[in-house]
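Working notes, beginning with the structure itself.
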Number of protein chains: 2
Amino acid sequence: MASLQEVARRAKVSIATVSRVLNRSDKVVPETRAIVEQALRDLGYRPSRVARRLRMKDGRAHLVGLIIPDIQNPFYAEIARGVEDAAYAAEYALLLCNSDENPDKESFYLGVMRDESVDGIILPPFDEADAAVADTIKTGIPVVCVDRSLARARTDLVEVDNYRGAHEAVSHLIARGHRHIGLIEGRTQVSTSRERRRGYLDALAEHGLAPKKEFMRAGDFKQESGRILANELLGLRKPPTALFVCNNLMTVGALAAIHQRGLRVPQEVAVVGFDDLPWAEALDPPPTVVRQPAYNVGQQAMELLLKRIMEPTRPPVTVRLLPELVIRRSS
Amino acid sequence: MASLQEVARRAKVSIATVSRVLNRSDKVVPETRAIVEQALRDLGYRPSRVARRLRMKDGRAHLVGLIIPDIQNPFYAEIARGVEDAAYAAEYALLLCNSDENPDKESFYLGVMRDESVDGIILPPFDEADAAVADTIKTGIPVVCVDRSLARARTDLVEVDNYRGAHEAVSHLIARGHRHIGLIEGRTQVSTSRERRRGYLDALAEHGLAPKKEFMRAGDFKQESGRILANELLGLRKPPTALFVCNNLMTVGALAAIHQRGLRVPQEVAVVGFDDLPWAEALDPPPTVVRQPAYNVGQQAMELLLKRIMEPTRPPVTVRLLPELVIRRSS
DNA sequence: TTGTACGCGTTATCAC
DNA sequence: GTGATAACGCGTACAA
């Protein structure tokens with residue numbers, strides 16, 4: 001409520017002096033400093049972040065934007081927590097938006113962030129050619145990509161080794177004796193999905209197993225498609241004995257389908273999912289999954305962003321995190 | 001990037017005219033309007049939300065704050081989605097913060113929101129006497145409470161009938177023949193927790209059942225406490241045959257404990273949880289729960305906030321939503 | 001060491 | 001109809 005002006009009046013100094021007391025440790029004689037600080041306290045002064053941001057073009061907004069597809073997806077929620085915690089530690093606030101994988105929403109929010117003069121933006125690009133993001137980068141706002149990367153722009157990036165995760169998962173199933181392994185993958189336009197499929201195929205090949213077209217189904221990363229595709233797979237005359245499901249939501253869908261069919265896990269059908277399920281322990285049986293270090297992804301992305309804000313010209317770096325195969329009882 | 005100034009120069013008019021074209025209020029002759037609009041387009045002009053906000057004190061920031069305990073809790077994530085969708089529909093952006101039920105974080109973020117001049121704030125108060133929130137309200141920023149209410153301040157409020165939800169849940173268990181029903185409640189400081197307990201006690205009483213102290217345990221709304229308390233309850237010499245667990249996370253913990261003990265649900269122990277579990281279908285058995293309309297809570301809260309922003313003096317209203325007993329197979 | 005004055009990008013109130 | 005111009009609250013060169 002109180003402005004610099006009012007504080008200055010009360011302390012009987014100029015606004016410049018008050019401002020100096022606040023920001024620069026410029027030379028202000030201890031006496032006046034004390035008086036000003038008293039006035040500051042009396043009035044409960046709080047600087048307006050809005051005015052401050054208008055005045056200073058660069059990186060002092062202490063505000064960053066995060067755009068994710070869906071906060072209700074635990075994977076993104078975990079990333080968001082990582083970002084948020086790192087932001088809070090640096091006293092940054094977060095403008096959080098859900099894009100729903102909808103380019104219009106993404107564009108709208110990207111616009112808002114430009115217009116809000118945020119210090120930087122963290123997001124998983126819609127796809128490798130995301131034009132709205134590319135445009136935003138051109139304006140000079142620091143952007144850090146997470147999870148997925150951009151083809152034509154070099155930005156800081158925090159990603160997970162999807163190929164390796166999938167490879168481990170499928171190798172694990174093979175080691176358990178499975179020879180007929182179904183794949184439920186996500187939207188094939190996104191690079192992470194393709195990498196996971198590559199991991200699946202390579203693991204198969206390395207063990208002399210030939211991939212079967214009818215065992216490979218592509219969904220949309222959502223629960224319902226997991227349910228439907230698992231049903232298709234399990235309804236085959238010669239169904240697979242194991243399923244590798246390429247994200248959390250689809251795994252849940254697949255599990256639901258399996259339960260509905262009354263199949264025993266892992267005896268009648270084994271399951272390995274990509275992404276950990278936050279409530280894995282409550283599931284029966286607790287599922288084996290490839291756990292992505294999502295919290296870390298968010299945290300490191302924020303730290304990268306902070307570095308770039310401080311030093312805009314530093315060369316972009318890519319951080320590649322390793323997933324972890326968490327073996328529980330569904331495989 | 002381009003400012004009013006630059007647009008004005010390009011169109012060879014004054015900034016006032018450009019501003020008028022943008023805000024469509026005053027009369028601008030079609031000719032000049034056309035010229036200005038062309039310049040606007042050429043330069044890809046976008047108004048600075050920051051400058052705009054600095055100039056206009058009231059409700060035009062198109063920015064609202066949402067403070068929740070933890071975005072990783074599906075209940076709050078669902079509220080957040082409700083808020084976000086309603087905000088997006090009205091072209092508002094969202095400043096989202098996690099308080100972790102930590103008063104310091106809450107205070108910090110409340111401060112940020114003041115300093116950002118947000119148009120309004122939505123939050124579940126920490127407790128009924130939340131001082132930081134009370135102070136914020138005094139500054140005149142519109143505040144809408146969700147889930148929990150404030151004792152000393154009249155604000156708009158969207159809440160759920162916790163008493164009724166708990167009452168239905170326990171009555172349901174009794175109807176199923178249970179006479180020994182354990183209660184795992186949350187932090188007793190929060191009003192919602194107390195209401196749920198009241199519902200439990202009343203339902204018991206109405207059926208002539210005496211509450212047993214040793215069947216009633218208080219946790220902290222987190223998964224681990226659900227696990228521990230369920231273990232305690234089930235380890236009793238004469239354990240309860242059914243559990244009523246007062247929130248989602250604790251239900252998950254309780255389920256984990258039950259699975260670990262190898263108990264069959266619902267034959268050996270029945271369970272009803274408060275809050276729906278997003279992946280209920282994947283659980284085996286799918287749990288019976290009292291579903292809170294969390295999405296609606298968020299949506300209506302945002303709509304209430306919008307109304308208050310438009311009409312700051314309107315009397316505060318309370319919206320009370322009904323929970324729904326979703327009977328699945330754990331009871 | 002401190003004060004004056006300008007500019008950041010808007011909107012709104014005046015004159016013209 | 002349109003154009004100067006004064007705020008909004010802040011940081012900072014420059015003058016004192």
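Letters for chains follow the order of the structure tokens (A, B, ...), residue numbers begin at 1 for each chain, and ligand numbers begin at 1 in the order shown.
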Chain A on chain B, least-squares, complete ordered Cα pairing, as a compact mmCIF listing (two decimals) with C-alpha atoms, in the first residue's frame:
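Listed below is the output, selection.txt:
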```txt
# COMPACT_ATOMS: atom_id res chain seq x y z
CA MET A 1 8.71 -5.76 -28.04
CA ALA A 2 6.97 -2.91 -29.81
CA SER A 3 5.52 -0.20 -27.59
CA LEU A 4 2.60 2.15 -28.06
CA GLN A 5 5.11 4.83 -28.88
CA GLU A 6 6.51 2.93 -31.83
CA VAL A 7 3.11 2.03 -33.15
CA ALA A 8 2.07 5.67 -32.92
CA ARG A 9 5.14 6.76 -34.84
CA ARG A 10 4.53 4.24 -37.57
CA ALA A 11 0.87 5.20 -37.90
CA LYS A 12 1.74 8.87 -37.62
CA VAL A 13 -0.72 9.45 -34.83
CA SER A 14 -0.40 10.06 -31.11
CA ILE A 15 -0.13 7.30 -28.60
CA ALA A 16 -3.49 8.35 -27.25
CA THR A 17 -5.12 7.43 -30.50
CA VAL A 18 -3.46 4.06 -30.58
CA SER A 19 -4.52 3.43 -27.04
CA ARG A 20 -8.06 4.38 -27.93
CA VAL A 21 -8.11 2.01 -30.83
CA LEU A 22 -7.04 -0.71 -28.46
CA ASN A 23 -9.24 -0.06 -25.48
CA ARG A 24 -12.08 2.39 -25.65
CA SER A 25 -14.34 1.99 -28.58
CA ASP A 26 -14.13 5.76 -28.23
CA LYS A 27 -14.70 7.76 -31.32
CA VAL A 28 -11.90 7.07 -33.69
CA VAL A 29 -12.66 7.75 -37.29
CA PRO A 30 -12.61 4.50 -39.31
CA GLU A 31 -9.83 5.75 -41.54
CA THR A 32 -7.30 6.38 -38.80
CA ARG A 33 -8.48 3.28 -37.03
CA ALA A 34 -7.60 1.24 -40.08
CA ILE A 35 -4.18 2.82 -40.31
CA VAL A 36 -3.51 2.22 -36.65
CA GLU A 37 -4.67 -1.35 -36.84
CA GLN A 38 -2.36 -1.93 -39.73
CA ALA A 39 0.56 -0.54 -37.79
CA LEU A 40 -0.43 -2.66 -34.85
CA ARG A 41 -0.30 -5.74 -36.99
CA ASP A 42 2.90 -4.80 -38.78
CA LEU A 43 4.73 -4.44 -35.53
CA GLY A 44 3.05 -7.37 -33.86
CA TYR A 45 2.19 -5.11 -30.99
CA ARG A 46 1.30 -6.64 -27.65
CA PRO A 47 0.37 -4.47 -24.70
CA SER A 48 2.57 -4.81 -21.66
CA ARG A 49 0.53 -6.30 -18.89
CA VAL A 50 3.03 -4.86 -16.47
CA ALA A 51 2.63 -1.26 -17.56
CA ARG A 52 -1.09 -1.66 -17.80
CA ARG A 53 -1.28 -2.97 -14.29
CA LEU A 54 0.85 -0.17 -12.92
CA ARG A 55 -1.44 2.41 -14.42
CA MET A 56 -4.77 0.92 -13.49
CA LYS A 57 -5.13 -0.08 -9.89
CA ASP A 58 -8.20 -2.20 -10.29
CA GLY A 59 -9.05 -5.64 -11.51
CA ARG A 60 -7.53 -5.40 -14.94
CA ALA A 61 -4.39 -7.36 -14.30
CA HIS A 62 -6.13 -10.46 -15.50
CA LEU A 63 -4.05 -12.33 -13.04
CA VAL A 64 -5.17 -14.26 -10.00
CA GLY A 65 -3.27 -16.18 -7.38
CA LEU A 66 -3.93 -19.69 -6.19
CA ILE A 67 -2.23 -21.05 -3.11
CA ILE A 68 -2.66 -24.71 -2.29
CA PRO A 69 -0.92 -27.02 0.14
CA ASP A 70 0.45 -29.43 -2.42
CA ILE A 71 -0.10 -29.77 -6.11
CA GLN A 72 0.89 -33.42 -5.91
CA ASN A 73 -2.17 -34.16 -3.86
CA PRO A 74 -4.81 -35.13 -6.44
CA PHE A 75 -7.52 -33.34 -4.49
CA TYR A 76 -5.75 -30.02 -4.81
CA ALA A 77 -4.63 -30.76 -8.33
CA GLU A 78 -8.25 -31.20 -9.26
CA ILE A 79 -9.20 -27.94 -7.60
CA ALA A 80 -6.34 -26.28 -9.44
CA ARG A 81 -7.64 -27.59 -12.75
CA GLY A 82 -11.08 -26.26 -12.00
CA VAL A 83 -9.66 -22.86 -11.17
CA GLU A 84 -7.38 -22.87 -14.15
CA ASP A 85 -10.03 -23.80 -16.66
CA ALA A 86 -12.39 -21.12 -15.40
CA ALA A 87 -9.56 -18.63 -15.39
CA TYR A 88 -8.53 -19.49 -18.92
CA ALA A 89 -12.11 -19.14 -20.09
CA ALA A 90 -12.06 -15.59 -18.73
CA GLU A 91 -8.57 -15.01 -20.09
CA TYR A 92 -7.01 -14.80 -16.69
CA ALA A 93 -3.61 -16.18 -15.89
CA LEU A 94 -2.77 -18.01 -12.71
CA LEU A 95 -0.01 -17.52 -10.21
CA LEU A 96 0.18 -20.92 -8.56
CA CYS A 97 1.98 -21.64 -5.33
CA ASN A 98 2.40 -24.60 -2.98
CA SER A 99 2.33 -23.74 0.68
CA ASP A 100 3.07 -27.22 2.05
CA GLU A 101 0.87 -26.21 4.98
CA ASN A 102 3.86 -24.13 5.96
CA PRO A 103 2.92 -20.68 7.30
CA ASP A 104 6.20 -19.17 6.15
CA LYS A 105 5.70 -20.26 2.58
CA GLU A 106 2.14 -19.12 2.69
CA SER A 107 3.20 -15.72 3.94
CA PHE A 108 5.89 -15.40 1.33
CA TYR A 109 3.50 -16.17 -1.48
CA LEU A 110 0.78 -13.97 -0.10
CA GLY A 111 3.34 -11.19 -0.13
CA VAL A 112 4.29 -11.90 -3.69
CA MET A 113 0.68 -11.70 -4.69
CA ARG A 114 0.18 -8.38 -3.01
CA ASP A 115 3.31 -7.03 -4.63
CA GLU A 116 2.24 -8.39 -7.99
CA SER A 117 -1.08 -6.63 -7.64
CA VAL A 118 -3.05 -9.71 -8.53
CA ASP A 119 -6.75 -9.17 -8.97
CA GLY A 120 -7.63 -11.74 -6.37
CA ILE A 121 -6.57 -14.84 -4.49
CA ILE A 122 -8.05 -18.29 -4.03
CA LEU A 123 -6.87 -20.52 -1.22
CA PRO A 124 -7.75 -22.95 1.53
CA PRO A 125 -6.74 -21.07 4.69
CA PHE A 126 -4.16 -22.80 6.78
CA ASP A 127 -6.58 -22.87 9.68
CA GLU A 128 -9.56 -20.91 10.88
CA ALA A 129 -7.39 -18.20 12.38
CA ASP A 130 -4.91 -17.83 9.53
CA ALA A 131 -3.35 -14.46 10.32
CA ALA A 132 -1.47 -14.00 7.08
CA VAL A 133 -4.64 -14.44 5.09
CA ALA A 134 -6.54 -12.12 7.39
CA ASP A 135 -3.91 -9.44 6.85
CA THR A 136 -4.09 -9.88 3.12
CA ILE A 137 -7.84 -9.48 3.20
CA LYS A 138 -7.41 -6.22 5.09
CA THR A 139 -5.40 -4.80 2.22
CA GLY A 140 -8.53 -5.07 0.14
CA ILE A 141 -7.50 -7.80 -2.24
CA PRO A 142 -10.46 -10.05 -3.00
CA VAL A 143 -10.00 -13.46 -1.42
CA VAL A 144 -12.08 -16.56 -2.02
CA CYS A 145 -11.66 -19.43 0.39
CA VAL A 146 -12.01 -23.02 -0.71
CA ASP A 147 -12.34 -26.21 1.29
CA ARG A 148 -11.77 -24.54 4.64
CA SER A 149 -13.13 -21.32 6.03
CA LEU A 150 -11.87 -18.44 8.08
CA ALA A 151 -13.35 -17.71 11.49
CA ARG A 152 -13.05 -13.95 11.74
CA ALA A 153 -13.46 -12.82 8.17
CA ARG A 154 -16.40 -12.96 5.86
CA THR A 155 -15.19 -13.97 2.44
CA ASP A 156 -16.66 -15.80 -0.46
CA LEU A 157 -16.35 -19.47 0.24
CA VAL A 158 -16.75 -22.73 -1.62
CA GLU A 159 -16.91 -25.71 0.66
CA VAL A 160 -18.02 -29.30 0.70
CA ASP A 161 -20.40 -30.85 3.16
CA ASN A 162 -17.87 -32.92 5.02
CA TYR A 163 -20.22 -33.93 7.78
CA ARG A 164 -22.67 -35.39 5.35
CA GLY A 165 -20.02 -37.20 3.38
CA ALA A 166 -18.63 -38.88 6.47
CA HIS A 167 -22.08 -39.68 7.74
CA GLU A 168 -23.03 -41.40 4.52
CA ALA A 169 -19.81 -43.34 4.40
CA VAL A 170 -20.16 -44.73 7.88
CA SER A 171 -23.87 -45.40 7.49
CA HIS A 172 -23.01 -47.38 4.41
CA LEU A 173 -20.56 -49.52 6.34
CA ILE A 174 -23.11 -50.09 9.06
CA ALA A 175 -25.67 -51.09 6.44
CA ARG A 176 -23.17 -53.62 5.20
CA GLY A 177 -23.30 -55.18 8.62
CA HIS A 178 -20.22 -53.71 10.22
CA ARG A 179 -20.36 -53.00 13.94
CA HIS A 180 -16.70 -52.33 14.57
CA ILE A 181 -15.58 -49.43 12.45
CA GLY A 182 -12.21 -47.81 12.81
CA LEU A 183 -11.61 -44.13 12.12
CA ILE A 184 -8.44 -42.67 10.73
CA GLU A 185 -8.82 -38.94 10.82
CA GLY A 186 -6.54 -36.09 9.81
CA ARG A 187 -5.11 -33.08 11.59
CA THR A 188 -7.72 -32.25 14.16
CA GLN A 189 -6.91 -28.54 13.96
CA VAL A 190 -8.56 -28.25 10.60
CA SER A 191 -12.27 -27.87 10.53
CA THR A 192 -12.91 -30.33 7.73
CA SER A 193 -11.30 -33.05 9.77
CA ARG A 194 -13.48 -32.33 12.77
CA GLU A 195 -16.62 -32.35 10.65
CA ARG A 196 -15.75 -35.72 9.24
CA ARG A 197 -15.28 -37.11 12.69
CA ARG A 198 -18.61 -35.67 13.74
CA GLY A 199 -20.22 -37.44 10.82
CA TYR A 200 -18.59 -40.68 11.92
CA LEU A 201 -19.72 -40.33 15.51
CA ASP A 202 -23.27 -39.34 14.66
CA ALA A 203 -23.71 -42.18 12.20
CA LEU A 204 -22.52 -44.59 14.86
CA ALA A 205 -24.83 -43.11 17.48
CA GLU A 206 -27.86 -43.16 15.22
CA HIS A 207 -27.47 -46.88 14.91
CA GLY A 208 -26.97 -47.41 18.57
CA LEU A 209 -23.27 -48.08 18.22
CA ALA A 210 -20.96 -46.79 20.92
CA PRO A 211 -17.72 -45.21 19.71
CA LYS A 212 -14.56 -46.82 20.98
CA LYS A 213 -11.61 -44.62 21.78
CA GLU A 214 -9.15 -47.24 20.64
CA PHE A 215 -10.79 -47.39 17.21
CA MET A 216 -10.21 -43.68 16.60
CA ARG A 217 -6.79 -42.50 15.50
CA ALA A 218 -5.64 -39.10 14.34
CA GLY A 219 -3.01 -38.73 11.63
CA ASP A 220 -1.73 -35.83 9.57
CA PHE A 221 -3.45 -36.38 6.22
CA LYS A 222 -0.33 -37.93 4.77
CA GLN A 223 0.20 -41.38 3.35
CA GLU A 224 2.60 -42.59 5.97
CA SER A 225 0.26 -41.84 8.83
CA GLY A 226 -2.48 -43.79 7.07
CA ARG A 227 -0.18 -46.77 6.87
CA ILE A 228 0.93 -46.58 10.46
CA LEU A 229 -2.51 -46.03 11.94
CA ALA A 230 -4.10 -48.76 9.86
CA ASN A 231 -1.43 -51.08 11.13
CA GLU A 232 -2.15 -50.08 14.70
CA LEU A 233 -5.85 -50.62 14.23
CA LEU A 234 -5.47 -53.96 12.50
CA GLY A 235 -2.97 -55.09 15.07
CA LEU A 236 -5.48 -54.77 17.89
CA ARG A 237 -6.54 -57.95 19.67
CA LYS A 238 -10.08 -57.31 18.53
CA PRO A 239 -9.51 -55.26 15.37
CA PRO A 240 -12.25 -53.35 13.57
CA THR A 241 -13.85 -55.06 10.58
CA ALA A 242 -14.02 -51.83 8.63
CA LEU A 243 -12.01 -48.64 8.28
CA PHE A 244 -13.18 -45.14 7.47
CA VAL A 245 -10.15 -43.17 6.35
CA CYS A 246 -10.47 -39.41 6.20
CA ASN A 247 -8.52 -38.43 3.10
CA ASN A 248 -7.02 -39.74 -0.10
CA LEU A 249 -3.37 -40.03 0.91
CA MET A 250 -4.13 -41.77 4.18
CA THR A 251 -6.44 -44.16 2.34
CA VAL A 252 -3.59 -45.13 0.08
CA GLY A 253 -1.42 -45.70 3.10
CA ALA A 254 -4.08 -47.79 4.78
CA LEU A 255 -4.56 -49.88 1.66
CA ALA A 256 -0.84 -50.50 1.48
CA ALA A 257 -0.83 -51.68 5.09
CA ILE A 258 -3.74 -53.98 4.42
CA HIS A 259 -2.11 -55.52 1.37
CA GLN A 260 1.08 -56.00 3.29
CA ARG A 261 -0.77 -57.87 5.99
CA GLY A 262 -2.29 -60.04 3.30
CA LEU A 263 -5.81 -59.18 4.36
CA ARG A 264 -8.60 -59.61 1.86
CA VAL A 265 -10.72 -56.58 1.03
CA PRO A 266 -13.59 -56.36 1.75
CA GLN A 267 -13.99 -59.84 3.23
CA GLU A 268 -11.54 -59.45 6.09
CA VAL A 269 -11.54 -55.70 6.30
CA ALA A 270 -13.73 -53.20 4.48
CA VAL A 271 -12.50 -49.72 3.59
CA VAL A 272 -14.17 -46.46 2.72
CA GLY A 273 -12.00 -43.46 2.03
CA PHE A 274 -12.66 -39.76 1.87
CA ASP A 275 -11.70 -38.14 -1.48
CA ASP A 276 -11.80 -40.03 -4.70
CA LEU A 277 -8.63 -41.69 -5.95
CA PRO A 278 -7.98 -40.75 -9.57
CA TRP A 279 -6.83 -44.26 -10.36
CA ALA A 280 -9.45 -46.04 -8.39
CA GLU A 281 -10.17 -48.34 -11.32
CA ALA A 282 -6.66 -49.66 -11.32
CA LEU A 283 -6.76 -50.62 -7.67
CA ASP A 284 -7.77 -54.09 -6.71
CA PRO A 285 -10.38 -53.95 -5.45
CA PRO A 286 -11.45 -50.49 -6.59
CA PRO A 287 -12.14 -48.62 -3.36
CA THR A 288 -15.41 -47.19 -2.18
CA VAL A 289 -14.97 -43.50 -1.49
CA VAL A 290 -16.69 -40.28 -0.62
CA ARG A 291 -16.00 -38.25 -3.69
CA GLN A 292 -15.58 -34.51 -3.28
CA PRO A 293 -16.46 -32.44 -6.34
CA ALA A 294 -13.04 -30.84 -6.32
CA TYR A 295 -13.08 -29.66 -9.90
CA ASN A 296 -16.32 -27.88 -9.21
CA VAL A 297 -14.95 -26.35 -6.07
CA GLY A 298 -12.17 -24.77 -8.07
CA GLN A 299 -14.37 -23.71 -10.91
CA GLN A 300 -16.97 -22.09 -8.72
CA ALA A 301 -14.33 -20.41 -6.61
CA MET A 302 -12.90 -18.79 -9.71
CA GLU A 303 -16.32 -17.70 -10.84
CA LEU A 304 -17.03 -16.20 -7.45
CA LEU A 305 -13.74 -14.40 -7.58
CA LEU A 306 -14.52 -13.01 -11.00
CA LYS A 307 -17.83 -11.70 -9.75
CA ARG A 308 -16.21 -10.06 -6.77
CA ILE A 309 -13.57 -8.44 -8.94
CA MET A 310 -16.32 -6.96 -11.07
CA GLU A 311 -18.38 -5.95 -8.08
CA PRO A 312 -16.17 -5.58 -5.00
CA THR A 313 -18.97 -4.58 -2.65
CA ARG A 314 -21.33 -7.45 -3.24
CA PRO A 315 -22.12 -9.47 -0.14
CA PRO A 316 -19.96 -12.57 0.35
CA VAL A 317 -21.61 -15.83 -0.50
CA THR A 318 -20.99 -19.38 0.60
CA VAL A 319 -21.38 -22.20 -1.86
CA ARG A 320 -21.78 -25.57 -0.25
CA LEU A 321 -21.27 -28.55 -2.52
CA LEU A 322 -22.39 -32.08 -1.85
CA PRO A 323 -20.01 -35.01 -1.80
CA GLU A 324 -21.04 -38.28 -3.34
CA LEU A 325 -20.61 -41.78 -2.01
CA VAL A 326 -19.11 -43.84 -4.79
CA ILE A 327 -19.64 -47.47 -3.92
CA ARG A 328 -17.06 -49.74 -5.46
CA ARG A 329 -15.74 -52.99 -4.19
CA SER A 330 -13.80 -52.33 -1.01
CA SER A 331 -16.90 -52.26 1.16
```
What are the residues of chain C that have an atom within 9 Å of an atom of chain B, counting only C-alpha atoms (C1' of nucleotides), as a PyMOL selection string?
-> chain C and resi 8-11
Backbone DSSP call of helix (DSSP H, G or I) for segment 26-110 of chain B, listed as a short mmCIF file (atom, residue, chain, number, x, y, z; two decimals) with C-alpha atoms, in the first residue's frame:
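This went into part33.cif:
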```
data_model
loop_
_atom_site.label_atom_id
_atom_site.label_comp_id
_atom_site.auth_asym_id
_atom_site.auth_seq_id
_atom_site.Cartn_x
_atom_site.Cartn_y
_atom_site.Cartn_z
CA PRO B 30 -12.39 4.79 -39.49
CA GLU B 31 -9.56 6.03 -41.69
CA THR B 32 -7.05 6.59 -38.93
CA ARG B 33 -8.29 3.50 -37.18
CA ALA B 34 -7.39 1.47 -40.23
CA ILE B 35 -3.95 2.99 -40.42
CA VAL B 36 -3.32 2.36 -36.77
CA GLU B 37 -4.54 -1.19 -36.97
CA GLN B 38 -2.20 -1.80 -39.85
CA ALA B 39 0.72 -0.47 -37.86
CA LEU B 40 -0.34 -2.57 -34.93
CA ARG B 41 -0.23 -5.65 -37.07
CA ASP B 42 3.00 -4.76 -38.82
CA LEU B 43 4.80 -4.44 -35.56
CA ARG B 49 0.45 -6.30 -18.94
CA VAL B 50 2.96 -4.86 -16.54
CA ALA B 51 2.58 -1.26 -17.62
CA ARG B 52 -1.14 -1.65 -17.84
CA ARG B 53 -1.32 -2.96 -14.32
CA LEU B 54 0.83 -0.17 -12.97
CA ARG B 55 -1.50 2.40 -14.41
CA PRO B 74 -4.87 -35.13 -6.44
CA PHE B 75 -7.56 -33.36 -4.49
CA TYR B 76 -5.81 -30.03 -4.81
CA ALA B 77 -4.68 -30.77 -8.33
CA GLU B 78 -8.32 -31.22 -9.26
CA ILE B 79 -9.26 -27.95 -7.60
CA ALA B 80 -6.42 -26.29 -9.44
CA ARG B 81 -7.71 -27.61 -12.74
CA GLY B 82 -11.16 -26.27 -11.99
CA VAL B 83 -9.75 -22.88 -11.16
CA GLU B 84 -7.47 -22.88 -14.15
CA ASP B 85 -10.11 -23.81 -16.65
CA ALA B 86 -12.47 -21.15 -15.39
CA ALA B 87 -9.64 -18.65 -15.39
CA TYR B 88 -8.63 -19.50 -18.92
CA ALA B 89 -12.20 -19.15 -20.08
CA PRO B 103 2.86 -20.68 7.28
CA ASP B 104 6.14 -19.17 6.13
CA LYS B 105 5.64 -20.25 2.57
CA GLU B 106 2.07 -19.13 2.68
CA SER B 107 3.15 -15.72 3.92
CA PHE B 108 5.83 -15.40 1.31
CA TYR B 109 3.43 -16.17 -1.50
CA LEU B 110 0.71 -13.98 -0.11
#
```
Using only C-alpha atoms (C1' of nucleotides), find the residues of chain D whose closest atom to chain A is at most 7 Å away, then write them as a PDB file with C-alpha atoms (C1' of nucleotides), in the first residue's frame.
```
ATOM      1  C1'  DG D   9       5.969   3.259  -8.472  1.00  0.00           C
ATOM      2  C1'  DC D  10      10.407   2.442  -9.130  1.00  0.00           C
ATOM      3  C1'  DG D  11      15.744   2.722 -10.195  1.00  0.00           C
TER       4       DG D  11
END
```
Pairwise distance, atom C1' of DA7 of chain D with atom C1' of DA5 of chain C, equals 15.2 Å
What is the distance, in Å and to one decimal place, between atom C1' of DT4 of chain C and atom C1' of DC8 of chain D?
->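 Atom C1' of DT4 of chain C sits 19.1 Å away from atom C1' of DC8 of chain D.
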